[in-house]
Every structure is written in C-alpha cells, then in structure tokens.
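Report on the following structure.
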Amino acid sequence: MALNLSRSALRRLRGRHYGTLAPVTRTEDMKVLTLGNKIKVVALDNINTSSSIGQVSFYIKAGSRYETPYQQGVTHYLRATALNHAGPFSGFKLTKSIDLAGGNLSVQTTREHTIYTVEGPVYEMADFTKYLGAILTKPKYDTWYRESCEWRVIEDLAKYKVNNDQVAFEELHRAAYRYNLGNSVYCPESMVGSVNSAMLTYFLVDHFRGEDITVVGSGIEQGELEKFVEPLETLDEVYEEIMDLLEDPRGRTSFDYSGSEYAIAVPEREEVDIVDMEDIFKIPHLPAKYYGGELRIKNTSPDATFIFAKQGVSYNNERDLLASGILQMILGTGISMKYGSGGGSHKLSSAVCQATDRKCSATGININYSDSGLFGYAVRGTGYEMRAAVEAANKVFKETLSDIKSSDVEAAKNKLKSAYGYYAENDANLMYEIGTKGRALDLNALFQSIDQISQQDVAKFADKVKASPSTGAGVMCVTTELLL
C-alpha cells in the first residue's frame, strides 16, 4: 500500500490552480444527509457504476489556516501520523489489512481541509471505512508513536526545500495573508520535535467536529455508508473522557467550553506578541485578510521561480469566479502538451519564451478559497534569464488587464469549458467538489453560466485586480537579478 504522506499537498494545489480552475458547483441529483452526530454523508451511486473500485473520503474543515501561532505544523503532523495506532488497531494491523485487501489509504491537507481517503475493491469498502473511522475518532498520539513517524515530517521538509515551485507558492501565501491562509501546509523547521501529543489532541477536539465533516463515498450504497458513519463519535463529543490525557494547555484555541469545569486556561492577551488582532485565539476563525507584500528566498539552485499575484476571488462568488477563469484563459495556462511551445494563444507563455529564447515559461494562476483568492502569474526557468522573463510577463499582464477584447473573451470561454470538462472526467475531482463545497458539479448549468459572462464582467473583474495591492514571491540563486 502506498501511503501518500511524503507526497506534498501542493501537488494537488498546483495541479488544480496552475493548469485548471476550482469548478463552480451546484446541487443537482445529489442527496446530502446529516446524521445524528452532525456528520454529512453523500453516496454517489450514480458515478461510474460499472467500476469495481470504490472510494470513501472524509473531508474535514481542519486545514492549516486553522492553526494558531502556537499550533504551527500540527496539520503536517496529522499527515505524518495517520497510520499510528487507532482504537483497537495497531499501525501494523491498519497497514497490512488495507494492503492485503488491495486498498490504498492517503491523507492530504490543504489550507482549508484535511482529507482522509481510502480506495480499493468495492466489496472491501465496508471494512476499509471501519479502519478509516478508527483513524479519525480514536487516534493515539503517545510520544513513542508520534516520534516514530517524525521522520516523515523531516523527509517532507527536505523535499520541499529543494522544490522552488512549492517554496514560492507557500511564500506567496505568507506574504499575501500573514495569518490563517498565510499558514503553510508544511511544519516550520523550528517546530519539528516540538509538536506534542497535547497539541495534536487539542486540534482534533477543536476541529474534527461533526458539523465540519463531510463523508463522500463511491462504490458503496448510501444506506451502508450511513450505517457505518452514524455510530462514530467525534472527539468533541467525548471531550470529558480525554481530558486526563491533556497536560499542556498551550495550543488550546477555539472550541468554547467556557463555563465548564473542564475549560483550560489560555495565555493572557498581554503575553501574546501580535499587533493587529484583538485576540490571537480568534485568528483561525477570522475571514482571510489580504495584505500584499514581497518575500524572496535565496538558494544555490541555477533555476528560479517567481509568482506575482493580486487579490482574487472566492469560489463562493460564482460570477466573479467565472470572470476570473476567463481572464486566466486569456493570459494562458502554460504549455499543456509535452515539449510544446505554448502556441500564439498563450500570451504569457509566448512572450516569456520569446524574451528568454525558450529558457523560461509562464502561466496565469487563479487560486480560489472559501473567502478569498489570488490572481496573477507564475514564471519559472533559468535563473540568469529571470529578469527578462518577469519583465515580459509583467508587461503582458498589465496590457491584458487594461485591454479586454471581445474576441479574446469568446475564445477564452471555450477554453474554460474545455478545462472544466476535462476536470470533471475524474471521479475523484467530483467527489472533491462535493466534500469541500457541499455541492455537485453540473457541467450543463456551468456552461450556461459561462456563456452569460460578458466582456464587461471580465473587464470589471480586471479593474478590481488592478486596484488591489501586489504580492510577489521569488525563489532564486543569490546572484539572480529579479524585477519587482
């Protein structure tokens, strides 16, 4: 069984945000049932009914944006310790049982969600979900279990630091948002070895609550999935039973047990070094605030990556989301064919390739979250050509936003429809949309909405982008010249 713990969550983000877009979703032909424990359950029996492979995913609103400054790196540790002892099952039992049955367990964390997924033969899904439920509701974070998994965190960080694209992506968020969405999906090096059992348990109690969990299944009937999920007790329901396990009050953040004899003291406000937030423990639940800024990371790599962004749009704003998607397609989303040149229709890529003799490439980016977003472009290539590449990309970006042509809008609509259609071909993507947004993807309705977007709508969104503060993140060699 291949456990995707060393696979960076950024691979999913890059795949969705650099090349395609976060789809607009609708509630069509889908039954969402809320159980007694407040967990929402959806079984997609209509998806690929001929397949012999099933999948069950738990989508939990417990991404890195919900970490407070005391909890930096907790979600990374959750990924790394996913196969610890859980309930009556040892780590070895979990691994071998899923492996021998032909299954695969993966854990991914984004900035907004922690996602536990098990997939395998349809006839084994009932047993798979039993193991997954134990991992979620009865984890064990004893010191000896946690430390035995710490090597995964160290390995992830080692791979992360040598990947310029990932580093630039994380630094872009840190510069743009500071808090919540600015938190990295990776554990800071200063916190490696400092994330303890109490911090992990506190985070689970705070955020692994029934109302924040959506279970989506494919290859398993709705009734059977409900039968499994109904008895699950989320950690906030058994709070009193785990209090004796918690010795360190640091990291206690959001779940309100005021008035209870089990309430835990938190540091006084005067002890917290923070300037523009009234209460540090409210940070995870505050709406994302876009600041803008600049961060540069120096390394010894001959290659460089630069990402420039303005404030974008939330995926909950359908009209602006589609307008931003059309504008992204006008800019271009990079080279989709191996060894391709990008073609004349990709404005950014063509301009950058010409300016650097094909030593650099560029793509438009459109990153959408529940309450904010980022819109701009990314450039990568040889370090000594980056100045010319960024100058060319910045010129195209400004010119495009200032002059939205009707012909470009119509061509971009067709490209956007193609991108959504390609995205919807993957069952896992459809499940992801339902699990994270609670709505199903309806391509017919989506295409109609795209057709209704006018040139004026795109121009209006472009004006908003131009008016917002700029954010830049660059990863380059110490000798690389870069224009900001």
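Ordering of the structure tokens sets the chain letters (A, B, ...), residue numbers begin anew at 1 in every chain, and ligands are numbered from 1 in the order given.
The strand (DSSP E or B) portion of range 303-418 of chain A consists of A:Asp303, A:Ala304, A:Thr305, A:Phe306, A:Ile307, A:Phe308, A:Ala309, A:Lys310, A:Gln311, A:Cys360, A:Ser361, A:Ala362, A:Thr363, A:Gly364, A:Ile365, A:Asn366, A:Ile367, A:Asn368, A:Gly373, A:Leu374, A:Phe375, A:Gly376, A:Tyr377, A:Ala378, A:Val379, A:Arg380, A:Gly381, A:Thr382, with states taken from DSSP on the backbone.
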Could you save those same residues with C-alpha atoms as an mmCIF file, in the first residue's frame?
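Okay, selection.cif is ready:
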```cif
data_model
loop_
_atom_site.group_PDB
_atom_site.id
_atom_site.type_symbol
_atom_site.label_atom_id
_atom_site.label_comp_id
_atom_site.auth_asym_id
_atom_site.auth_seq_id
_atom_site.Cartn_x
_atom_site.Cartn_y
_atom_site.Cartn_z
ATOM 1 C CA ASP A 303 16.785 27.656 -11.580
ATOM 2 C CA ALA A 304 14.368 30.228 -10.235
ATOM 3 C CA THR A 305 10.626 30.671 -9.699
ATOM 4 C CA PHE A 306 8.708 33.909 -9.332
ATOM 5 C CA ILE A 307 4.984 34.291 -8.604
ATOM 6 C CA PHE A 308 3.162 37.597 -8.811
ATOM 7 C CA ALA A 309 -0.415 37.965 -7.589
ATOM 8 C CA LYS A 310 -3.186 40.386 -6.771
ATOM 9 C CA GLN A 311 -6.286 39.800 -4.679
ATOM 10 C CA CYS A 360 11.704 30.262 -19.147
ATOM 11 C CA SER A 361 7.959 29.600 -19.115
ATOM 12 C CA ALA A 362 4.953 31.348 -17.606
ATOM 13 C CA THR A 363 1.334 30.640 -16.723
ATOM 14 C CA GLY A 364 -1.631 32.510 -15.327
ATOM 15 C CA ILE A 365 -2.731 31.482 -11.832
ATOM 16 C CA ASN A 366 -6.176 31.693 -10.272
ATOM 17 C CA ILE A 367 -6.293 30.367 -6.711
ATOM 18 C CA ASN A 368 -9.691 30.296 -5.031
ATOM 19 C CA GLY A 373 -8.310 34.218 -3.641
ATOM 20 C CA LEU A 374 -5.165 35.133 -5.564
ATOM 21 C CA PHE A 375 -4.884 36.035 -9.239
ATOM 22 C CA GLY A 376 -1.702 36.614 -11.195
ATOM 23 C CA TYR A 377 1.051 34.758 -12.989
ATOM 24 C CA ALA A 378 3.978 32.432 -12.281
ATOM 25 C CA VAL A 379 7.332 32.382 -14.075
ATOM 26 C CA ARG A 380 9.956 29.694 -13.810
ATOM 27 C CA GLY A 381 13.165 28.903 -15.639
ATOM 28 C CA THR A 382 16.869 29.586 -15.737
#
```
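When only C-alpha atoms are used to compute distances to Glu294 in chain A, the closest of the residues A:Thr436, A:Ala176, A:Tyr131, A:Lys464 turns out to be A:Ala176.
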Close residues, Ala80 in chain A itself excluded, 9 Å, only C-alpha atoms, min 2 positions apart in chain, as a PyMOL selection string = chain A and resi 5-6+75-78+82-84+107+146+149-153
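CA of Tyr369 in chain A lies 29.0 Å from CA of Glu226 in chain A.
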